[in-house]
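**Q** My file is final.txt. It has compact mmCIF, C-alpha atoms:
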# COMPACT_ATOMS: atom_id res chain seq x y z
CA ALA A 8 -8.56 0.41 17.06
CA GLN A 9 -8.98 -0.68 13.49
CA SER A 10 -6.30 -3.03 12.28
CA VAL A 11 -5.21 -5.59 9.73
CA ALA A 12 -3.19 -8.63 10.71
CA GLN A 13 -1.01 -10.81 8.53
CA PRO A 14 0.10 -13.43 11.04
CA GLU A 15 2.90 -14.93 8.95
CA ASP A 16 6.03 -12.95 8.16
CA GLN A 17 7.01 -15.55 5.57
CA VAL A 18 5.35 -18.41 3.74
CA ASN A 19 7.37 -21.04 1.92
CA VAL A 20 5.74 -23.30 -0.64
CA ALA A 21 7.02 -25.66 -3.30
CA GLU A 22 6.38 -24.80 -6.91
CA GLY A 23 3.17 -26.42 -8.14
CA ASN A 24 1.66 -26.64 -4.66
CA PRO A 25 -1.29 -24.54 -3.54
CA LEU A 26 -0.53 -21.47 -1.49
CA THR A 27 -2.42 -19.47 1.12
CA VAL A 28 -1.45 -16.11 2.59
CA LYS A 29 -3.56 -15.19 5.58
CA CYS A 30 -5.21 -11.89 6.46
CA THR A 31 -7.62 -10.99 9.22
CA TYR A 32 -9.05 -7.60 10.02
CA SER A 33 -10.71 -5.73 12.80
CA VAL A 34 -12.85 -2.86 11.54
CA SER A 35 -16.43 -1.86 12.06
CA GLY A 36 -19.07 -2.02 9.36
CA ASN A 37 -18.54 -3.55 5.95
CA PRO A 38 -15.06 -2.72 4.76
CA TYR A 39 -13.55 -3.01 1.31
CA LEU A 40 -10.70 -5.51 1.18
CA PHE A 41 -7.66 -5.56 -1.06
CA TRP A 42 -4.53 -7.54 -1.83
CA TYR A 43 -1.40 -5.98 -3.25
CA VAL A 44 1.90 -7.49 -4.34
CA GLN A 45 5.32 -5.86 -4.19
CA TYR A 46 8.30 -7.09 -6.18
CA PRO A 47 11.84 -6.04 -5.13
CA ASN A 48 12.51 -2.32 -5.49
CA ARG A 49 9.07 -1.69 -6.95
CA GLY A 50 5.82 -0.12 -5.87
CA LEU A 51 2.76 -2.05 -4.80
CA GLN A 52 0.61 -3.53 -7.53
CA PHE A 53 -3.08 -4.28 -7.20
CA LEU A 54 -4.06 -7.98 -7.25
CA LEU A 55 -7.72 -8.13 -6.31
CA LYS A 56 -10.44 -6.65 -4.15
CA TYR A 57 -13.68 -7.54 -2.43
CA ILE A 58 -16.44 -4.95 -2.37
CA THR A 59 -19.62 -6.99 -2.19
CA GLY A 60 -21.20 -10.11 -3.65
CA ASP A 61 -19.57 -13.51 -4.12
CA ASN A 62 -17.20 -14.37 -1.29
CA LEU A 63 -14.63 -15.81 -3.70
CA VAL A 64 -12.89 -13.09 -5.66
CA LYS A 65 -10.62 -13.77 -8.61
CA GLY A 66 -7.75 -11.47 -9.50
CA SER A 67 -4.57 -11.09 -11.49
CA TYR A 68 -1.98 -13.84 -12.17
CA GLY A 69 -4.34 -16.66 -11.10
CA PHE A 70 -4.76 -15.42 -7.55
CA GLU A 71 -8.05 -15.52 -5.70
CA ALA A 72 -9.19 -14.58 -2.22
CA GLU A 73 -11.95 -15.79 0.01
CA PHE A 74 -13.90 -13.37 2.14
CA ASN A 75 -15.25 -14.80 5.39
CA LYS A 76 -17.38 -12.33 7.27
CA SER A 77 -17.85 -14.41 10.42
CA GLN A 78 -14.10 -14.93 10.77
CA THR A 79 -13.25 -11.42 9.48
CA SER A 80 -10.70 -12.94 7.15
CA PHE A 81 -9.64 -12.40 3.57
CA HIS A 82 -7.07 -15.07 2.75
CA LEU A 83 -5.18 -14.99 -0.54
CA LYS A 84 -4.94 -18.27 -2.44
CA LYS A 85 -3.54 -19.78 -5.59
CA PRO A 86 -4.06 -23.38 -6.70
CA SER A 87 -0.56 -23.87 -8.12
CA ALA A 88 2.35 -21.65 -7.09
CA LEU A 89 5.03 -20.40 -9.48
CA VAL A 90 8.58 -19.36 -8.63
CA SER A 91 7.72 -15.98 -10.15
CA ASP A 92 5.03 -15.51 -7.45
CA SER A 93 7.80 -14.95 -4.91
CA ALA A 94 7.23 -11.44 -3.59
CA LEU A 95 5.89 -9.44 -0.65
CA TYR A 96 2.12 -9.48 -0.28
CA PHE A 97 0.07 -6.88 1.53
CA CYS A 98 -3.53 -7.09 2.68
CA ALA A 99 -5.36 -3.77 2.98
CA VAL A 100 -8.71 -2.65 4.30
CA ARG A 101 -10.68 0.49 3.55
CA PRO A 102 -13.36 0.92 6.23
CA SER A 103 -16.71 1.94 4.76
CA GLY A 104 -17.38 5.64 4.95
CA THR A 105 -13.69 6.54 5.08
CA TYR A 106 -11.00 7.23 2.51
CA LYS A 107 -8.10 5.81 4.48
CA TYR A 108 -6.53 2.45 3.77
CA ILE A 109 -5.11 0.30 6.55
CA PHE A 110 -2.32 -2.04 5.50
CA GLY A 111 -1.05 -5.20 7.09
CA THR A 112 2.65 -5.66 7.78
CA GLY A 113 3.14 -7.85 4.74
CA THR A 114 3.92 -11.54 4.14
CA ARG A 115 6.92 -12.61 2.15
CA LEU A 116 6.08 -15.52 -0.13
CA LYS A 117 8.91 -17.77 -1.26
CA VAL A 118 8.12 -20.35 -3.90
CA LEU A 119 10.84 -22.98 -4.10
CA ALA A 120 11.68 -24.73 -7.36
CA ASN B 19 0.42 5.64 -19.37
CA ALA B 20 2.37 7.31 -16.54
CA GLY B 21 0.06 6.72 -13.55
CA VAL B 22 1.77 7.91 -10.34
CA THR B 23 5.27 9.29 -10.79
CA GLN B 24 7.69 9.86 -7.92
CA THR B 25 11.07 11.55 -7.92
CA PRO B 26 13.80 11.06 -6.92
CA LYS B 27 14.11 7.27 -6.78
CA PHE B 28 17.14 7.37 -4.49
CA GLN B 29 18.43 10.11 -2.20
CA VAL B 30 21.02 10.39 0.56
CA LEU B 31 20.65 13.29 2.96
CA LYS B 32 22.68 14.55 5.87
CA THR B 33 20.97 15.02 9.22
CA GLY B 34 19.34 18.43 9.35
CA GLN B 35 19.02 18.90 5.60
CA SER B 36 15.65 19.50 4.00
CA MET B 37 14.30 18.08 0.79
CA THR B 38 11.12 17.53 -1.19
CA LEU B 39 9.87 14.27 -2.64
CA GLN B 40 7.83 14.97 -5.74
CA CYS B 41 4.67 13.10 -6.69
CA ALA B 42 2.44 13.57 -9.71
CA GLN B 43 -0.51 11.63 -11.04
CA ASP B 44 -2.21 11.93 -14.40
CA MET B 45 -5.41 10.02 -13.64
CA ASN B 46 -7.37 13.00 -12.25
CA HIS B 47 -7.77 11.24 -8.91
CA GLU B 48 -9.19 13.25 -6.06
CA TYR B 49 -7.31 11.45 -3.30
CA MET B 50 -3.55 11.33 -2.86
CA SER B 51 -1.45 10.07 0.00
CA TRP B 52 2.08 9.44 1.20
CA TYR B 53 3.19 6.28 2.99
CA ARG B 54 6.45 5.13 4.43
CA GLN B 55 7.47 1.49 4.42
CA ASP B 56 9.71 0.12 7.13
CA PRO B 57 10.68 -3.53 7.74
CA GLY B 58 8.11 -5.35 9.86
CA MET B 59 5.81 -2.34 10.00
CA GLY B 60 4.07 -2.45 6.66
CA LEU B 61 2.90 0.83 5.17
CA ARG B 62 2.13 3.73 7.46
CA LEU B 63 0.19 6.76 6.31
CA ILE B 64 2.07 10.06 6.65
CA HIS B 65 -0.28 12.63 5.10
CA TYR B 66 -3.18 12.54 2.71
CA SER B 67 -5.29 14.86 0.62
CA VAL B 68 -8.89 14.57 -0.55
CA GLY B 69 -8.58 17.33 -3.13
CA ALA B 70 -6.69 20.45 -4.14
CA GLY B 71 -6.19 22.74 -1.16
CA ILE B 72 -7.14 20.07 1.39
CA THR B 73 -4.63 18.01 3.37
CA ASP B 74 -4.69 16.12 6.63
CA GLN B 75 -2.39 14.14 8.86
CA GLY B 76 -2.08 10.40 8.82
CA GLU B 77 -0.57 8.04 11.33
CA VAL B 78 3.04 9.35 11.35
CA PRO B 79 3.04 13.03 10.25
CA ASN B 80 5.78 14.47 12.45
CA GLY B 81 8.72 15.88 10.53
CA TYR B 82 6.84 16.06 7.24
CA ASN B 83 4.82 18.72 5.45
CA VAL B 84 2.59 18.47 2.40
CA SER B 85 0.62 20.76 0.15
CA ARG B 86 -1.85 20.17 -2.67
CA SER B 87 -2.05 23.19 -4.92
CA THR B 88 -3.23 21.19 -7.93
CA THR B 89 -5.08 17.91 -8.44
CA GLU B 90 -2.01 16.40 -10.07
CA ASP B 91 0.78 17.18 -7.59
CA PHE B 92 1.32 16.24 -3.96
CA PRO B 93 4.89 16.95 -2.78
CA LEU B 94 6.21 15.70 0.56
CA ARG B 95 8.69 17.92 2.38
CA LEU B 96 11.17 16.78 4.99
CA LEU B 97 11.85 19.86 7.06
CA SER B 98 15.00 18.76 8.94
CA ALA B 99 15.97 15.22 8.08
CA ALA B 100 16.67 12.75 10.86
CA PRO B 101 18.09 9.19 10.67
CA SER B 102 14.67 7.91 11.81
CA GLN B 103 13.31 9.12 8.48
CA THR B 104 15.43 6.64 6.58
CA SER B 105 12.77 4.66 4.79
CA VAL B 106 11.09 3.90 1.50
CA TYR B 107 8.39 6.41 0.64
CA PHE B 108 5.41 5.70 -1.57
CA CYS B 109 3.00 8.16 -3.08
CA ALA B 110 -0.44 6.86 -3.97
CA SER B 111 -3.63 8.10 -5.55
CA ASN B 112 -7.18 6.82 -5.88
CA PRO B 113 -10.53 8.04 -7.11
CA GLU B 114 -13.13 9.21 -4.66
CA SER B 115 -15.43 6.20 -4.98
CA SER B 116 -15.10 3.94 -1.97
CA GLY B 117 -14.49 0.68 -3.73
CA ASN B 118 -11.80 1.92 -5.99
CA THR B 119 -8.25 0.73 -6.12
CA ILE B 120 -5.32 2.74 -4.81
CA TYR B 121 -2.44 3.19 -7.25
CA PHE B 122 1.15 3.46 -6.08
CA GLY B 123 4.26 5.11 -7.40
CA GLU B 124 7.48 3.16 -7.72
CA GLY B 125 8.90 4.43 -4.43
CA SER B 126 11.65 6.75 -3.22
CA TRP B 127 14.51 5.26 -1.20
CA LEU B 128 15.74 7.82 1.30
CA THR B 129 18.78 7.43 3.54
CA VAL B 130 19.57 10.01 6.21
CA VAL B 131 23.14 9.84 7.54
Mind converting the file's structure to structure tokens?
**A**
Amino acid sequence: AQSVAQPEDQVNVAEGNPLTVKCTYSVSGNPYLFWYVQYPNRGLQFLLKYITGDNLVKGSYGFEAEFNKSQTSFHLKKPSALVSDSALYFCAVRPSGTYKYIFGTGTRLKVLA
Amino acid sequence: NAGVTQTPKFQVLKTGQSMTLQCAQDMNHEYMSWYRQDPGMGLRLIHYSVGAGITDQGEVPNGYNVSRSTTEDFPLRLLSAAPSQTSVYFCASNPESSGNTIYFGEGSWLTVV
């Protein structure tokens, strides 16, 4: 079965430190990969996506993600975390040839001042 | 700049009552979908539509109905509410092209007592 895994329920990081939120996937073919962020009592907002090309994708608010085909991973990164980055982050995959998105269970990021 | 609009934002229902969650988008997107978000389970697809007059079931369709009479609107009906349907519901839309981003509404918080 096709799936997306976010192995960490929560990630804590000190402000100013680099952060990584992990995502791995299990789908056939060449999927499209996405990261979304959700702030309290709000909908999901798009951060970035990988379709093709350079494995390092840059997105909103200084976030970037690295696509690794051999490890089927798409980890979200930021060089220097801000307290305002604290939120719930979702990885999503859209298998090629389909119009359905598969979401991970989410990772709560807490940036400590 | 409305995007995806959901109503109501909050609703309390009694077991057995029916109700409709409204969703409208003004981006002329072909695809629309409904998700529910539950703690530790991420987003699960309830129903989706690839165009007016066409709907299909997602991962957790039981207890819900949808229709798509126009491109803009995609209401979700709870036929006979159950406490297990207490959740946060998100409507989303996206263009047909595979690599395109999915856009979410702000969510509807539903409690069934």
**Q** Counting only C-alpha atoms, which residues of chain B come no farther than 9 Å from chain A, as a list in words?
**A**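 So the residues of chain B near chain A are Tyr49, Pro57, Gly58, Met59, Gly60, Leu61, Arg62, Leu63, Tyr66, Val68, Gly76, Phe108, Glu114, Ser115, Ser116, Gly117, Asn118, Thr119, Ile120, Tyr121, Phe122, Gly123, Glu124, Gly125 and Trp127 of chain B.
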**Q** Grab the atom CA of A:Asn24 to atom CA of A:Ala12 distance for me, in Å with one decimal place.
**A**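 Computing the Euclidean distance for atom CA of A:Asn24 and atom CA of A:Ala12 yields 24.2 Å.
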**Q** Give me, please, the distance in Å between atom CA of A:Asn37 and atom CA of A:Val64, quoted to one decimal.
**A**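 Atom-to-atom, atom CA of A:Asn37 to atom CA of A:Val64, that is 16.1 Å.
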**Q** When you draw a straight line from atom CA of B:Leu96 to atom CA of B:Ser36, how long is it in Å?
**A**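 Value for the atom CA of B:Leu96-atom CA of B:Ser36 distance: 5.3 Å.
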**Q** Please identify all polymer residues within 10 Å of A:Lys85, counting only C-alpha atoms, omitting same-chain residues fewer than 2 positions from it, and present them as a PyMOL selection string.
**A** chain A and resi 23-28+65+68-72+83+87-89+92
**Q** When you count all atoms listed in the file, which of these residues is closest to B:Val22: B:Ser85, B:Trp52, B:Arg95, B:Val131?
**A**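 Closest residue, counting all atoms listed in the file: B:Trp52.
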**Q** Draw an axis-aligned box over all listed atoms of stretch 37-45 of chain A, pad each side with 5 Å, and write its centre and edge lengths in Å, one decimal, as JSON.
**A**
{"center_x": -6.6, "center_y": -5.1, "center_z": 0.8, "size_x": 33.9, "size_y": 14.8, "size_z": 20.3}
**Q** Find the spatial neighbours of B:Gly34, counting all atoms listed in the file, within a cut-off of 7 Å - ignore same-chain residues fewer than 5 positions away - and output them as number ranges by chain.
**A** B: 98-100
